[in-house]
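Student: Provided herewith: query01.pdb, PDB, C-alpha atoms, pLDDT in the B column.
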ATOM      1  CA  MET A 280      14.956 145.789-111.252  1.00 53.00           C
ATOM      2  CA  ASP A 281      12.757 148.025-113.313  1.00 55.00           C
ATOM      3  CA  PRO A 282      13.474 151.767-113.520  1.00 60.00           C
ATOM      4  CA  GLN A 283      10.640 152.609-111.096  1.00 63.00           C
ATOM      5  CA  THR A 284      12.002 150.213-108.458  1.00 61.00           C
ATOM      6  CA  GLN A 285      15.519 151.492-109.048  1.00 63.00           C
ATOM      7  CA  ASN A 286      14.374 155.109-108.564  1.00 70.00           C
ATOM      8  CA  THR A 287      12.536 154.148-105.385  1.00 83.00           C
ATOM      9  CA  SER A 288      15.627 152.351-104.136  1.00 80.00           C
ATOM     10  CA  LEU A 289      17.814 155.361-104.907  1.00 84.00           C
ATOM     11  CA  GLN A 290      15.331 157.618-103.119  1.00 88.00           C
ATOM     12  CA  ARG A 291      15.421 155.382-100.035  1.00 86.00           C
ATOM     13  CA  LEU A 292      19.217 155.422-100.091  1.00 87.00           C
ATOM     14  CA  GLN A 293      19.175 159.202-100.399  1.00 90.00           C
ATOM     15  CA  ASN A 294      16.855 159.345 -97.369  1.00 91.00           C
ATOM     16  CA  VAL A 295      19.323 157.121 -95.490  1.00 90.00           C
ATOM     17  CA  GLU A 296      22.107 159.484 -96.444  1.00 92.00           C
ATOM     18  CA  ASN A 297      20.092 162.412 -95.053  1.00 93.00           C
ATOM     19  CA  ARG A 298      19.438 160.470 -91.840  1.00 92.00           C
ATOM     20  CA  VAL A 299      23.151 159.704 -91.494  1.00 93.00           C
ATOM     21  CA  VAL A 300      23.859 163.438 -91.707  1.00 93.00           C
ATOM     22  CA  LYS A 301      21.209 164.064 -89.036  1.00 93.00           C
ATOM     23  CA  VAL A 302      22.715 161.362 -86.813  1.00 93.00           C
ATOM     24  CA  LEU A 303      26.136 162.949 -87.140  1.00 92.00           C
ATOM     25  CA  GLU A 304      24.641 166.307 -86.195  1.00 93.00           C
ATOM     26  CA  LEU A 305      23.042 164.674 -83.134  1.00 91.00           C
ATOM     27  CA  ALA A 306      26.385 163.149 -82.153  1.00 92.00           C
ATOM     28  CA  GLY A 307      28.066 166.527 -82.639  1.00 92.00           C
ATOM     29  CA  GLY A 308      25.428 168.181 -80.455  1.00 91.00           C
ATOM     30  CA  VAL A 309      26.036 165.648 -77.690  1.00 91.00           C
ATOM     31  CA  MET A 310      29.796 166.166 -77.954  1.00 91.00           C
ATOM     32  CA  GLU A 311      29.329 169.924 -77.657  1.00 91.00           C
ATOM     33  CA  GLU A 312      27.032 169.446 -74.672  1.00 90.00           C
ATOM     34  CA  LEU A 313      29.535 167.132 -72.990  1.00 90.00           C
ATOM     35  CA  ALA A 314      32.277 169.711 -73.553  1.00 91.00           C
ATOM     36  CA  SER A 315      30.146 172.530 -72.142  1.00 89.00           C
ATOM     37  CA  PRO A 316      32.008 174.509 -69.431  1.00 91.00           C
ATOM     38  CA  SER A 317      28.903 174.503 -67.259  1.00 91.00           C
ATOM     39  CA  GLY A 318      28.615 170.718 -67.556  1.00 88.00           C
ATOM     40  CA  PRO A 319      26.313 168.624 -69.670  1.00 90.00           C
ATOM     41  CA  LYS A 320      22.555 168.712 -69.246  1.00 92.00           C
ATOM     42  CA  LYS A 321      21.614 165.133 -68.488  1.00 90.00           C
ATOM     43  CA  GLU A 322      18.176 165.234 -70.137  1.00 92.00           C
ATOM     44  CA  PHE A 323      19.572 166.800 -73.310  1.00 91.00           C
ATOM     45  CA  VAL A 324      22.305 164.168 -73.580  1.00 90.00           C
ATOM     46  CA  ASN A 325      19.875 161.333 -72.820  1.00 91.00           C
ATOM     47  CA  SER A 326      17.278 162.445 -75.375  1.00 93.00           C
ATOM     48  CA  HIS A 327      19.874 162.986 -78.085  1.00 92.00           C
ATOM     49  CA  CYS A 328      21.506 159.619 -77.349  1.00 92.00           C
ATOM     50  CA  ARG A 329      18.122 157.861 -77.536  1.00 92.00           C
ATOM     51  CA  GLU A 330      17.344 159.594 -80.818  1.00 93.00           C
ATOM     52  CA  PHE A 331      20.835 158.713 -82.096  1.00 92.00           C
ATOM     53  CA  MET A 332      20.416 155.021 -81.252  1.00 92.00           C
ATOM     54  CA  GLN A 333      16.922 154.825 -82.764  1.00 93.00           C
ATOM     55  CA  SER A 334      18.105 156.528 -85.932  1.00 93.00           C
ATOM     56  CA  MET A 335      21.050 154.142 -86.193  1.00 92.00           C
ATOM     57  CA  LYS A 336      18.681 151.166 -85.893  1.00 93.00           C
ATOM     58  CA  ASP A 337      16.392 152.610 -88.557  1.00 92.00           C
ATOM     59  CA  ILE A 338      19.335 153.217 -90.874  1.00 92.00           C
ATOM     60  CA  GLN A 339      20.590 149.687 -90.316  1.00 92.00           C
ATOM     61  CA  VAL A 340      17.176 148.167 -91.121  1.00 91.00           C
ATOM     62  CA  THR A 341      16.810 150.244 -94.279  1.00 90.00           C
ATOM     63  CA  LEU A 342      20.313 149.372 -95.482  1.00 89.00           C
ATOM     64  CA  ARG A 343      19.722 145.667 -94.844  1.00 88.00           C
ATOM     65  CA  GLU A 344      16.507 145.823 -96.869  1.00 88.00           C
ATOM     66  CA  GLU A 345      18.265 147.619 -99.722  1.00 85.00           C
ATOM     67  CA  ILE A 346      21.136 145.129 -99.716  1.00 84.00           C
ATOM     68  CA  LYS A 347      18.684 142.233 -99.732  1.00 83.00           C
ATOM     69  CA  SER A 348      16.740 143.842-102.572  1.00 80.00           C
ATOM     70  CA  ALA A 349      19.931 144.435-104.559  1.00 75.00           C
ATOM     71  CA  CYS A 350      20.994 140.804-104.054  1.00 74.00           C
ATOM     72  CA  GLU A 351      17.651 139.602-105.410  1.00 72.00           C
ATOM     73  CA  TYR A 352      18.186 141.646-108.566  1.00 64.00           C
ATOM     74  CA  ARG A 353      19.395 139.353-111.335  1.00 63.00           C
ATOM     75  CA  PRO A 354      19.712 141.320-114.576  1.00 64.00           C
ATOM     76  CA  PHE A 355      21.024 138.350-116.574  1.00 64.00           C
ATOM     77  CA  GLU A 356      18.485 135.840-115.340  1.00 63.00           C
ATOM     78  CA  LYS A 357      16.540 135.932-118.585  1.00 67.00           C
ATOM     79  CA  CYS A 358      19.634 136.289-120.762  1.00 73.00           C
ATOM     80  CA  ASP A 359      20.071 133.700-123.492  1.00 77.00           C
ATOM     81  CA  TYR A 360      23.846 134.159-123.733  1.00 79.00           C
ATOM     82  CA  ASN A 361      24.691 130.668-122.447  1.00 80.00           C
ATOM     83  CA  ALA A 362      22.190 129.038-124.795  1.00 81.00           C
ATOM     84  CA  ARG A 363      23.486 131.033-127.764  1.00 85.00           C
ATOM     85  CA  ILE A 364      27.106 130.147-126.989  1.00 88.00           C
ATOM     86  CA  ALA A 365      26.234 126.455-126.559  1.00 88.00           C
ATOM     87  CA  ASN A 366      24.353 126.582-129.855  1.00 90.00           C
ATOM     88  CA  GLU A 367      27.314 128.220-131.601  1.00 89.00           C
ATOM     89  CA  ILE A 368      29.716 125.595-130.224  1.00 92.00           C
ATOM     90  CA  CYS A 369      27.426 122.771-131.398  1.00 90.00           C
ATOM     91  CA  PHE A 370      27.199 124.404-134.815  1.00 89.00           C
ATOM     92  CA  GLN A 371      31.002 124.606-135.069  1.00 91.00           C
ATOM     93  CA  LYS A 372      31.327 120.957-134.034  1.00 91.00           C
ATOM     94  CA  LEU A 373      28.760 119.939-136.620  1.00 92.00           C
ATOM     95  CA  GLU A 374      30.608 121.869-139.349  1.00 90.00           C
ATOM     96  CA  TYR A 375      33.821 120.129-138.346  1.00 90.00           C
ATOM     97  CA  VAL A 376      32.159 116.684-138.476  1.00 91.00           C
ATOM     98  CA  LEU A 377      30.701 117.491-141.915  1.00 91.00           C
ATOM     99  CA  THR A 378      34.113 118.491-143.286  1.00 90.00           C
ATOM    100  CA  GLN A 379      35.610 115.293-141.859  1.00 91.00           C
ATOM    101  CA  LEU A 380      32.839 113.252-143.532  1.00 91.00           C
ATOM    102  CA  ASP A 381      33.462 115.040-146.842  1.00 88.00           C
ATOM    103  CA  ASP A 382      37.177 114.260-146.550  1.00 86.00           C
ATOM    104  CA  LEU A 383      36.375 110.643-145.740  1.00 87.00           C
ATOM    105  CA  LYS A 384      34.066 110.415-148.770  1.00 86.00           C
ATOM    106  CA  GLN A 385      36.758 111.879-151.042  1.00 86.00           C
ATOM    107  CA  THR A 386      39.285 109.384-149.705  1.00 84.00           C
ATOM    108  CA  ALA A 387      36.841 106.498-150.211  1.00 82.00           C
ATOM    109  CA  ASP A 388      36.079 107.685-153.758  1.00 81.00           C
ATOM    110  CA  GLN A 389      39.775 107.517-154.634  1.00 82.00           C
ATOM    111  CA  TYR A 390      39.858 103.750-154.182  1.00 77.00           C
ATOM    112  CA  PRO A 391      38.225 101.515-156.749  1.00 76.00           C
ATOM    113  CA  SER A 392      35.150  99.710-155.677  1.00 66.00           C
ATOM    114  CA  SER A 393      35.321  95.936-155.301  1.00 61.00           C
ATOM    115  CA  ASP A 394      32.072  95.252-157.197  1.00 56.00           C
TER     116      ASP A 394
END
Could you spell out this file's structure in structure tokens?

Tutor:
Amino acid sequence: MDPQTQNTSLQRLQNVENRVVKVLELAGGVMEELASPSGPKKEFVNSHCREFMQSMKDIQVTLREEIKSACEYRPFEKCDYNARIANEICFQKLEYVLTQLDDLKQTADQYPSSD
């Protein structure tokens, strides 16, 4: 995820945060209206509930998109760590084999040849 995409993603999440605050204010307004001593105004409650539900759907869609986008982000995809470690292990094995061969040669050189 390049810095531009990351900034855009953070901006979208900040917008979601602002919409969540707005949704909570809508819910609070409906609660106040329902608690009104003169009784709730049906049209007010209905319009706020519709707006609440639509906002919740929009928030849900945006969050799903952001989660999907974050899951597609693979920062180590182009990393050569595994290849470097495998190379280092092979190198160590090769050094070990070479020392064993040197030891074997020294041992063989200690015995007289049968020529």

Student: Need the shell around segment 289-302 of chain A: protein/DNA/RNA residues with any atom at most 12 Å away, counting only C-alpha atoms. Skip same-chain ones fewer than 2 positions apart. Format as JSON, numbers by chain?

Tutor: {"A": [280, 282, 283, 284, 285, 286, 287, 304, 305, 306, 307, 308, 309, 327, 328, 329, 330, 331, 332, 333, 334, 335, 336, 337, 338, 339, 340, 341, 342, 343, 344, 345, 346, 348, 349]}

Student: Could you jot down the atom CA of Asn366 of chain A to atom CA of Asp381 of chain A separation for me, Å, one decimal place?

Tutor: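 Computed distance, atom CA of Asn366 of chain A to atom CA of Asp381 of chain A, equals 22.5 Å.
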
Student: Interatomic distance between atom CA of Met310 of chain A and atom CA of Phe323 of chain A?

Tutor: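 Computing it gives 11.2 Å between the two atoms.
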